[in-house]
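*Asks:* Coordinates in final-v4.cif, mmCIF, C-alpha atoms, are listed below.
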```cif
data_work
#
loop_
_atom_site.group_PDB
_atom_site.id
_atom_site.type_symbol
_atom_site.label_atom_id
_atom_site.label_comp_id
_atom_site.auth_asym_id
_atom_site.auth_seq_id
_atom_site.Cartn_x
_atom_site.Cartn_y
_atom_site.Cartn_z
ATOM 1 C CA MET V 1 97.716 98.845 117.174
ATOM 2 C CA PRO V 2 99.608 100.988 114.642
ATOM 3 C CA THR V 3 97.594 102.251 111.717
ATOM 4 C CA TYR V 4 97.855 103.960 108.349
ATOM 5 C CA ALA V 5 95.584 106.893 107.501
ATOM 6 C CA VAL V 6 94.994 108.835 104.277
ATOM 7 C CA GLU V 7 95.647 112.558 104.717
ATOM 8 C CA ALA V 8 95.283 113.744 101.097
ATOM 9 C CA LEU V 9 93.926 112.521 97.770
ATOM 10 C CA ASP V 10 95.108 113.876 94.409
ATOM 11 C CA ALA V 11 94.296 113.263 90.758
ATOM 12 C CA VAL V 12 97.068 111.832 88.575
ATOM 13 C CA THR V 13 96.886 113.040 84.982
ATOM 14 C CA ILE V 14 98.391 112.038 81.640
ATOM 15 C CA ALA V 15 99.211 114.726 79.057
ATOM 16 C CA ALA V 16 97.347 114.551 75.747
ATOM 17 C CA GLY V 17 99.140 113.099 72.746
ATOM 18 C CA SER V 18 100.248 109.871 74.435
ATOM 19 C CA PRO V 19 100.030 106.360 72.930
ATOM 20 C CA LEU V 20 97.248 105.632 75.453
ATOM 21 C CA ASP V 21 94.983 108.540 74.449
ATOM 22 C CA GLY V 22 91.305 107.651 74.858
ATOM 23 C CA MET V 23 92.034 104.486 76.853
ATOM 24 C CA ASP V 24 91.117 103.536 80.382
ATOM 25 C CA LEU V 25 94.143 103.791 82.675
ATOM 26 C CA MET V 26 95.159 101.522 85.543
ATOM 27 C CA SER V 27 98.135 99.848 87.282
ATOM 28 C CA PRO V 28 100.247 103.016 87.742
ATOM 29 C CA PHE V 29 103.695 101.842 88.873
ATOM 30 C CA VAL V 30 105.624 104.942 89.992
ATOM 31 C CA TRP V 31 109.173 105.307 91.322
ATOM 32 C CA ARG V 32 111.769 108.055 91.833
ATOM 33 C CA GLU V 33 114.749 108.280 89.511
ATOM 34 C CA GLN V 34 117.312 111.073 89.053
ATOM 35 C CA GLY V 35 115.115 113.717 90.662
ATOM 36 C CA ARG V 36 112.015 112.839 88.666
ATOM 37 C CA TYR V 37 109.078 110.511 89.009
ATOM 38 C CA ARG V 38 108.968 107.669 86.498
ATOM 39 C CA MET V 39 105.885 105.619 85.640
ATOM 40 C CA LEU V 40 104.759 102.527 83.824
ATOM 41 C CA VAL V 41 101.000 102.457 83.294
ATOM 42 C CA ARG V 42 98.525 100.123 81.614
ATOM 43 C CA GLY V 43 96.048 101.345 79.033
ATOM 44 C CA VAL V 44 92.941 99.428 77.946
ATOM 45 C CA PRO V 45 90.866 100.320 74.857
ATOM 46 C CA ASP V 46 87.429 101.708 75.727
ATOM 47 C CA PRO V 47 85.255 99.961 74.720
ATOM 48 C CA LEU V 48 87.247 96.736 74.686
ATOM 49 C CA GLY V 49 86.552 94.869 71.458
ATOM 50 C CA PRO V 50 86.849 91.093 71.015
ATOM 51 C CA THR V 51 90.222 91.398 69.266
ATOM 52 C CA ASP V 52 91.615 94.320 71.280
ATOM 53 C CA PRO V 53 94.525 93.727 73.682
ATOM 54 C CA THR V 54 93.584 93.639 77.364
ATOM 55 C CA GLY V 55 96.480 95.959 78.053
ATOM 56 C CA LEU V 56 99.306 98.030 76.609
ATOM 57 C CA ILE V 57 102.108 99.351 78.825
ATOM 58 C CA ALA V 58 103.569 102.837 78.373
ATOM 59 C CA SER V 59 106.355 104.654 80.217
ATOM 60 C CA GLY V 60 106.414 108.281 81.305
ATOM 61 C CA TRP V 61 107.793 110.885 83.670
ATOM 62 C CA SER V 62 106.710 113.745 85.926
ATOM 63 C CA ASP V 63 108.348 116.519 87.931
ATOM 64 C CA ASP V 64 105.694 116.627 90.659
ATOM 65 C CA GLY V 65 104.386 113.056 90.817
ATOM 66 C CA LEU V 66 100.925 114.060 89.580
ATOM 67 C CA ALA V 67 101.119 115.412 86.005
ATOM 68 C CA PHE V 68 102.783 112.792 83.789
ATOM 69 C CA THR V 69 103.926 112.875 80.168
ATOM 70 C CA LEU V 70 104.149 109.501 78.427
ATOM 71 C CA ASP V 71 106.874 108.513 75.993
ATOM 72 C CA PRO V 72 105.712 108.340 72.345
ATOM 73 C CA VAL V 73 106.556 104.628 71.920
ATOM 74 C CA LEU V 74 105.040 101.856 74.052
ATOM 75 C CA ALA V 75 107.382 100.224 76.554
ATOM 76 C CA ILE V 76 105.707 96.793 76.291
ATOM 77 C CA ALA V 77 103.253 95.654 73.610
ATOM 78 C CA PRO V 78 101.535 92.283 73.068
ATOM 79 C CA GLY V 79 103.399 89.626 71.119
ATOM 80 C CA ALA V 80 102.688 89.527 67.394
ATOM 81 C CA ASP V 81 102.533 85.699 67.290
ATOM 82 C CA ALA V 82 99.296 84.143 68.547
ATOM 83 C CA ASP V 83 101.330 81.468 70.345
ATOM 84 C CA GLU V 84 103.169 84.014 72.490
ATOM 85 C CA ALA V 85 102.202 84.136 76.161
ATOM 86 C CA ASP V 86 101.254 87.839 75.965
ATOM 87 C CA ALA V 87 99.532 87.839 72.566
ATOM 88 C CA GLY V 88 96.255 88.850 74.208
ATOM 89 C CA GLY V 89 97.565 91.722 76.307
ATOM 90 C CA CYS V 90 100.158 93.095 78.723
ATOM 91 C CA GLU V 91 99.034 94.079 82.222
ATOM 92 C CA ASP V 92 100.153 95.068 85.745
ATOM 93 C CA PRO V 93 103.781 96.242 85.409
ATOM 94 C CA THR V 94 106.206 96.097 88.343
ATOM 95 C CA VAL V 95 109.674 97.632 88.011
ATOM 96 C CA LEU V 96 112.977 96.642 89.592
ATOM 97 C CA VAL V 97 116.089 98.743 88.897
ATOM 98 C CA ASP V 98 119.336 96.774 89.104
ATOM 99 C CA ALA V 99 122.697 97.939 90.464
ATOM 100 C CA ASP V 100 123.817 99.033 86.981
ATOM 101 C CA GLY V 101 120.724 101.159 86.393
ATOM 102 C CA GLY V 102 119.083 98.637 84.080
ATOM 103 C CA TYR V 103 115.433 97.634 84.353
ATOM 104 C CA VAL V 104 113.592 94.405 84.978
ATOM 105 C CA VAL V 105 109.848 94.770 84.419
ATOM 106 C CA TYR V 106 107.578 91.970 85.597
ATOM 107 C CA TYR V 107 104.133 92.042 84.024
ATOM 108 C CA THR V 108 101.145 89.811 83.349
ATOM 109 C CA GLY V 109 100.978 88.311 79.883
ATOM 110 C CA VAL V 110 97.515 87.281 78.702
ATOM 111 C CA ASP V 111 97.207 84.595 76.032
ATOM 112 C CA ALA V 112 95.455 85.181 72.706
ATOM 113 C CA LYS V 113 92.248 83.492 73.929
ATOM 114 C CA ARG V 114 92.202 85.572 77.148
ATOM 115 C CA THR V 115 92.005 82.397 79.210
ATOM 116 C CA GLN V 116 95.300 82.442 81.117
ATOM 117 C CA GLY V 117 97.687 84.963 82.633
ATOM 118 C CA VAL V 118 101.355 84.270 83.367
ATOM 119 C CA LEU V 119 104.181 86.315 84.820
ATOM 120 C CA ILE V 120 106.682 87.549 82.239
ATOM 121 C CA ALA V 121 109.862 89.540 82.800
ATOM 122 C CA ALA V 122 111.260 92.066 80.332
ATOM 123 C CA SER V 123 114.736 93.440 80.963
ATOM 124 C CA GLY V 124 117.028 95.961 79.331
ATOM 125 C CA PRO V 125 119.236 99.028 79.810
ATOM 126 C CA SER V 126 116.299 101.382 79.166
ATOM 127 C CA LEU V 127 112.523 101.189 79.013
ATOM 128 C CA ASP V 128 112.546 101.370 75.217
ATOM 129 C CA GLN V 129 114.971 98.417 74.886
ATOM 130 C CA LEU V 130 113.242 95.726 76.932
ATOM 131 C CA VAL V 131 113.623 92.060 75.940
ATOM 132 C CA LYS V 132 110.949 89.622 77.146
ATOM 133 C CA ARG V 133 111.483 86.269 78.831
ATOM 134 C CA ARG V 134 109.110 83.840 80.564
ATOM 135 C CA VAL V 135 109.288 83.690 84.369
ATOM 136 C CA ALA V 136 109.570 80.212 85.877
ATOM 137 C CA LEU V 137 107.263 80.043 88.897
ATOM 138 C CA ALA V 138 106.459 76.643 90.353
ATOM 139 C CA ALA V 139 102.907 77.341 91.551
ATOM 140 C CA PRO V 140 101.206 74.854 93.862
ATOM 141 C CA GLU V 141 98.642 72.536 92.315
ATOM 142 C CA GLY V 142 95.256 74.212 91.975
ATOM 143 C CA GLU V 143 96.616 77.706 91.374
ATOM 144 C CA GLY V 144 96.253 79.442 88.043
ATOM 145 C CA ASN V 145 96.214 82.778 86.263
ATOM 146 C CA ILE V 146 99.250 84.105 88.148
ATOM 147 C CA LYS V 147 99.636 87.911 87.979
ATOM 148 C CA GLU V 148 100.114 91.169 89.900
ATOM 149 C CA ALA V 149 103.742 90.636 90.989
ATOM 150 C CA THR V 150 105.050 92.398 94.099
ATOM 151 C CA PHE V 151 108.651 91.968 95.277
ATOM 152 C CA ALA V 152 110.297 92.387 98.678
ATOM 153 C CA GLN V 153 113.782 91.635 99.980
ATOM 154 C CA THR V 154 114.405 90.328 103.493
ATOM 155 C CA PRO V 155 117.251 91.500 105.785
ATOM 156 C CA ALA V 156 119.037 88.221 104.952
ATOM 157 C CA GLY V 157 119.164 89.257 101.295
ATOM 158 C CA ASP V 158 116.783 86.675 99.850
ATOM 159 C CA TRP V 159 113.604 87.622 98.001
ATOM 160 C CA ARG V 160 109.858 87.180 98.297
ATOM 161 C CA LEU V 161 107.450 87.337 95.390
ATOM 162 C CA PHE V 162 103.801 88.022 96.213
ATOM 163 C CA TYR V 163 101.320 87.305 93.432
ATOM 164 C CA GLU V 164 97.603 86.960 92.789
ATOM 165 C CA TYR V 165 96.268 83.629 91.623
ATOM 166 C CA ALA V 166 92.901 82.129 90.744
ATOM 167 C CA ALA V 167 91.852 79.787 93.542
ATOM 168 C CA ALA V 168 89.677 76.744 93.075
ATOM 169 C CA GLU V 169 86.022 77.658 92.625
ATOM 170 C CA GLU V 170 83.788 77.691 95.679
ATOM 171 C CA ARG V 171 80.060 77.181 95.149
ATOM 172 C CA GLY V 172 80.813 77.448 91.433
ATOM 173 C CA ILE V 173 82.255 80.940 91.826
ATOM 174 C CA GLY V 174 85.916 81.816 91.280
ATOM 175 C CA ALA V 175 88.009 83.755 93.776
ATOM 176 C CA SER V 176 91.364 85.511 93.792
ATOM 177 C CA ARG V 177 93.946 84.833 96.484
ATOM 178 C CA ILE V 178 97.459 86.031 97.314
ATOM 179 C CA GLY V 179 100.340 83.581 97.047
ATOM 180 C CA ILE V 180 103.992 83.978 98.000
ATOM 181 C CA ALA V 181 107.199 82.437 96.677
ATOM 182 C CA GLN V 182 110.842 82.700 97.692
ATOM 183 C CA ALA V 183 114.200 82.729 95.910
ATOM 184 C CA ALA V 184 117.742 83.287 97.124
ATOM 185 C CA HIS V 185 118.504 85.668 94.261
ATOM 186 C CA LEU V 186 116.502 87.379 91.563
ATOM 187 C CA GLY V 187 116.743 85.182 88.495
ATOM 188 C CA ASP V 188 116.690 81.949 90.528
ATOM 189 C CA PRO V 189 113.655 79.644 90.267
ATOM 190 C CA TRP V 190 110.838 80.614 92.614
ATOM 191 C CA THR V 191 109.560 78.173 95.234
ATOM 192 C CA SER V 192 106.003 78.708 96.422
ATOM 193 C CA LEU V 193 105.207 78.874 100.145
ATOM 194 C CA ALA V 194 101.958 78.713 102.110
ATOM 195 C CA ASP V 195 99.639 81.661 101.444
ATOM 196 C CA PRO V 196 100.683 84.647 103.591
ATOM 197 C CA PHE V 197 97.201 85.546 104.858
ATOM 198 C CA PRO V 198 93.563 84.517 104.325
ATOM 199 C CA ILE V 199 90.278 86.228 103.580
ATOM 200 C CA ARG V 200 88.162 87.371 106.546
ATOM 201 C CA PRO V 201 84.661 85.864 106.226
ATOM 202 C CA GLU V 202 82.839 88.676 108.040
ATOM 203 C CA SER V 203 84.756 91.614 106.594
ATOM 204 C CA TRP V 204 85.104 93.779 103.489
ATOM 205 C CA ASP V 205 87.782 91.366 102.141
ATOM 206 C CA ASN V 206 85.683 88.215 102.482
ATOM 207 C CA TRP V 207 86.044 86.763 98.975
ATOM 208 C CA HIS V 208 88.875 88.161 96.829
ATOM 209 C CA LEU V 209 92.461 89.126 97.679
ATOM 210 C CA SER V 210 95.020 90.643 95.330
ATOM 211 C CA THR V 211 98.559 91.860 95.853
ATOM 212 C CA GLY V 212 99.517 95.479 96.326
ATOM 213 C CA PRO V 213 102.818 97.279 96.855
ATOM 214 C CA VAL V 214 105.117 96.576 99.814
ATOM 215 C CA CYS V 215 107.044 99.385 101.514
ATOM 216 C CA GLN V 216 108.579 100.176 104.905
ATOM 217 C CA LEU V 217 108.898 103.380 106.899
ATOM 218 C CA PRO V 218 111.668 103.808 109.502
ATOM 219 C CA GLY V 219 110.681 102.131 112.754
ATOM 220 C CA ALA V 220 107.758 100.263 111.183
ATOM 221 C CA ASP V 221 107.274 96.710 109.932
ATOM 222 C CA PRO V 222 107.046 96.104 106.183
ATOM 223 C CA VAL V 223 103.497 96.846 105.035
ATOM 224 C CA MET V 224 101.512 95.782 102.006
ATOM 225 C CA PHE V 225 98.633 97.896 100.727
ATOM 226 C CA TYR V 226 96.631 94.986 99.403
ATOM 227 C CA ASN V 227 93.401 94.795 97.450
ATOM 228 C CA GLY V 228 90.371 92.973 98.842
ATOM 229 C CA ALA V 229 86.796 92.496 97.704
ATOM 230 C CA THR V 230 83.429 90.980 98.522
ATOM 231 C CA LEU V 231 81.687 88.290 96.480
ATOM 232 C CA ASP V 232 80.168 90.961 94.226
ATOM 233 C CA ALA V 233 83.673 92.324 93.479
ATOM 234 C CA ARG V 234 83.533 95.637 95.348
ATOM 235 C CA TRP V 235 87.275 96.224 95.659
ATOM 236 C CA ARG V 236 88.882 98.320 98.414
ATOM 237 C CA ILE V 237 92.480 98.900 99.555
ATOM 238 C CA GLY V 238 93.604 97.730 102.984
ATOM 239 C CA TRP V 239 96.901 97.266 104.817
ATOM 240 C CA ILE V 240 98.694 94.329 106.395
ATOM 241 C CA SER V 241 102.150 94.310 108.017
ATOM 242 C CA PHE V 242 104.724 91.548 108.331
ATOM 243 C CA SER V 243 107.838 90.621 110.249
ATOM 244 C CA PRO V 244 111.000 91.560 108.314
ATOM 245 C CA ASP V 245 111.335 88.010 106.931
ATOM 246 C CA PHE V 246 107.649 88.037 105.863
ATOM 247 C CA ALA V 247 107.016 84.841 107.827
ATOM 248 C CA THR V 248 104.515 86.354 110.288
ATOM 249 C CA VAL V 249 101.663 88.858 110.059
ATOM 250 C CA THR V 250 102.133 91.601 112.678
ATOM 251 C CA GLY V 251 99.088 93.787 112.001
ATOM 252 C CA ARG V 252 96.070 94.176 109.717
ATOM 253 C CA GLY V 253 93.671 97.064 109.403
ATOM 254 C CA LEU V 254 90.054 96.386 110.343
ATOM 255 C CA GLU V 255 88.695 98.827 107.764
ATOM 256 C CA PRO V 256 89.903 99.746 104.268
ATOM 257 C CA VAL V 257 92.444 102.536 103.869
ATOM 258 C CA VAL V 258 90.883 103.654 100.575
ATOM 259 C CA VAL V 259 87.177 103.317 99.724
ATOM 260 C CA PRO V 260 86.193 104.497 96.230
ATOM 261 C CA PRO V 261 83.463 107.096 95.819
ATOM 262 C CA PRO V 262 80.341 105.997 93.922
ATOM 263 C CA PRO V 263 81.206 105.734 90.192
ATOM 264 C CA GLU V 264 80.059 108.689 88.095
ATOM 265 C CA ASP V 265 78.841 106.152 85.539
ATOM 266 C CA ARG V 266 76.881 103.444 87.350
ATOM 267 C CA ALA V 267 77.892 100.983 84.599
ATOM 268 C CA LYS V 268 81.515 101.301 85.719
ATOM 269 C CA THR V 269 83.111 99.039 88.295
ATOM 270 C CA ASP V 270 83.086 99.844 92.027
ATOM 271 C CA ILE V 271 86.800 99.458 92.564
ATOM 272 C CA ALA V 272 89.892 101.035 94.095
ATOM 273 C CA PHE V 273 93.063 99.082 93.294
ATOM 274 C CA ALA V 274 96.560 99.781 94.672
ATOM 275 C CA ALA V 275 99.592 99.624 92.363
ATOM 276 C CA SER V 276 102.720 101.258 93.820
ATOM 277 C CA THR V 277 104.191 103.385 96.592
ATOM 278 C CA VAL V 278 106.846 106.090 96.922
ATOM 279 C CA ILE V 279 108.158 107.073 100.369
ATOM 280 C CA GLU V 280 108.810 110.805 100.666
ATOM 281 C CA ASP V 281 108.761 113.411 103.450
ATOM 282 C CA GLY V 282 108.103 110.741 106.071
ATOM 283 C CA MET V 283 104.864 109.674 104.365
ATOM 284 C CA ILE V 284 103.746 107.119 101.789
ATOM 285 C CA SER V 285 102.467 108.176 98.383
ATOM 286 C CA LEU V 286 100.155 105.372 97.261
ATOM 287 C CA TYR V 287 99.325 105.276 93.546
ATOM 288 C CA PHE V 288 96.104 103.502 92.634
ATOM 289 C CA SER V 289 93.266 103.410 90.122
ATOM 290 C CA LEU V 290 89.526 103.992 90.424
ATOM 291 C CA GLU V 291 86.852 102.293 88.300
ATOM 292 C CA ASP V 292 89.644 100.620 86.255
ATOM 293 C CA ARG V 293 90.024 103.878 84.331
ATOM 294 C CA ILE V 294 91.135 106.807 86.554
ATOM 295 C CA LEU V 295 94.507 107.346 88.286
ATOM 296 C CA ARG V 296 94.848 108.724 91.819
ATOM 297 C CA ARG V 297 97.457 109.274 94.550
ATOM 298 C CA ALA V 298 96.820 108.981 98.295
ATOM 299 C CA ARG V 299 99.206 110.536 100.833
ATOM 300 C CA ILE V 300 99.296 108.173 103.814
ATOM 301 C CA ARG V 301 100.707 108.749 107.289
ATOM 302 C CA TYR V 302 101.801 106.008 109.672
ATOM 303 C CA TYR V 303 100.687 106.300 113.301
ATOM 304 C CA ALA V 304 102.670 104.100 115.711
#
```
For the structure just supplied, provide its representation as structure tokens.
*Replies:*
Amino acid sequence: MPTYAVEALDAVTIAAGSPLDGMDLMSPFVWREQGRYRMLVRGVPDPLGPTDPTGLIASGWSDDGLAFTLDPVLAIAPGADADEADAGGCEDPTVLVDADGGYVVYYTGVDAKRTQGVLIAASGPSLDQLVKRRVALAAPEGEGNIKEATFAQTPAGDWRLFYEYAAAEERGIGASRIGIAQAAHLGDPWTSLADPFPIRPESWDNWHLSTGPVCQLPGADPVMFYNGATLDARWRIGWISFSPDFATVTGRGLEPVVVPPPPEDRAKTDIAFAASTVIEDGMISLYFSLEDRILRRARIRYYA
């Protein structure tokens, strides 16, 4: 079976003087644009107080894909009105660049009570001129807390939206799962489909699943670097591949691709969480976070 293997790990840094100084960093969405690397990243106050936002989203750039400088003004901030869907925080950005060079940023909006997450889109000609709008996603009954959007286009031109949702509790304990929806065009209503793949009861991904980035190397099937965890929420990054129309699973790694080292602070979470990929030099650069506070990049090679 084909496989994906990490060949290098690098630290991703943020220059001092940014609007996220002193915060925990996660959800690094990185892409290439005009010879540079661009990034949207989530910052979370540390410690997180009862009235603090669960996330602020800043934009930045880098020449080498590792040392980033953030723009002085936040790209996306929580709504000022308590009734707004993102009054409690803005999380998990995903960027699409349209044919005219404008941006559509999908992110998770958390309500003021921190009880529900919904997908929101913000669009505009630049990252400092984004206008928010609610995303209409007809989720199946029993799903909730929809977040962590990942997009993929099929050869036929239609779209798939992968997302994380809160599944019904089992033995009184909640679990995350990955859902999928389809639309003919971006901007059309999304129609949910059957879940693309399940947990594996005897494996490292036996309780939680969460979306990760989708990419495709020449000669390979589309692959998602997804996030999976055990009942005690020890998150690792694995891979799963699909047919080009995303209707069939064609491969799935037995072991995680990325396993986090033991946290330096034992009070921190035991978690590695994938956010984005950039294909360069025949390899995949996978951007992810550790401990919900540290940014990293893995260089991954595909072996057919």
*Asks:* If you count all atoms listed in the file, which residues fall within 9 Å of segment 102-105 of chain V, apart from same-chain ones fewer than 6 positions away, as a compact mmCIF listing (two decimals) with C-alpha atoms, keeping the file's coordinate frame?
*Replies:*
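Below is the file result15.txt, written as the result:
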```txt
# COMPACT_ATOMS: atom_id res chain seq x y z
CA PRO V 93 103.78 96.24 85.41
CA THR V 94 106.21 96.10 88.34
CA VAL V 95 109.67 97.63 88.01
CA LEU V 96 112.98 96.64 89.59
CA ILE V 120 106.68 87.55 82.24
CA ALA V 121 109.86 89.54 82.80
CA ALA V 122 111.26 92.07 80.33
CA SER V 123 114.74 93.44 80.96
CA GLY V 124 117.03 95.96 79.33
CA PRO V 125 119.24 99.03 79.81
CA SER V 126 116.30 101.38 79.17
CA LEU V 127 112.52 101.19 79.01
CA LEU V 130 113.24 95.73 76.93
CA LYS V 132 110.95 89.62 77.15
```
*Asks:* Quick one: residues within 12 Å of segment 301-304 of chain V, all atoms listed in the file counted, chain neighbours fewer than 5 positions away excluded, as a PyMOL selection string?
*Replies:* chain V and resi 1-8+215-223+239+241+251+257+279-286
*Asks:* Would you translate the PyMOL selection byres ((chain V and resi 145-150) around 10) into the concrete set of residues it matches in this file, as a PyMOL selection string?
*Replies:* chain V and resi 27+91-95+105-110+115-120+137+139+143-144+151-152+160-167+176-180+210-214+224+275-276
*Asks:* Identify, on the basis of only C-alpha atoms, every residue whose closest approach to Glu291 of chain V does not exceed 12 Å; exclude the query and any residue fewer than 2 positions from it along the same chain; express the result as an MDAnalysis selection string.
*Replies:* chainID V and resid 24:27 233:236 259:274 288:289 293:296
*Asks:* So that I can check the surroundings of Pro201 of chain V, please list as a PyMOL selection string every protein, DNA and RNA residue that reaches within 10 Å of it, counting all atoms listed in the file and ignoring chain neighbours fewer than 5 positions away.
*Replies:* chain V and resi 206-207+230
*Asks:* Using only C-alpha atoms, find all polymer residues with an atom at most 12 Å away from the point (100.3, 80.7, 103.7); report them as an MDAnalysis selection string.
*Replies:* chainID V and resid 140 162 177:181 192:199 246:249
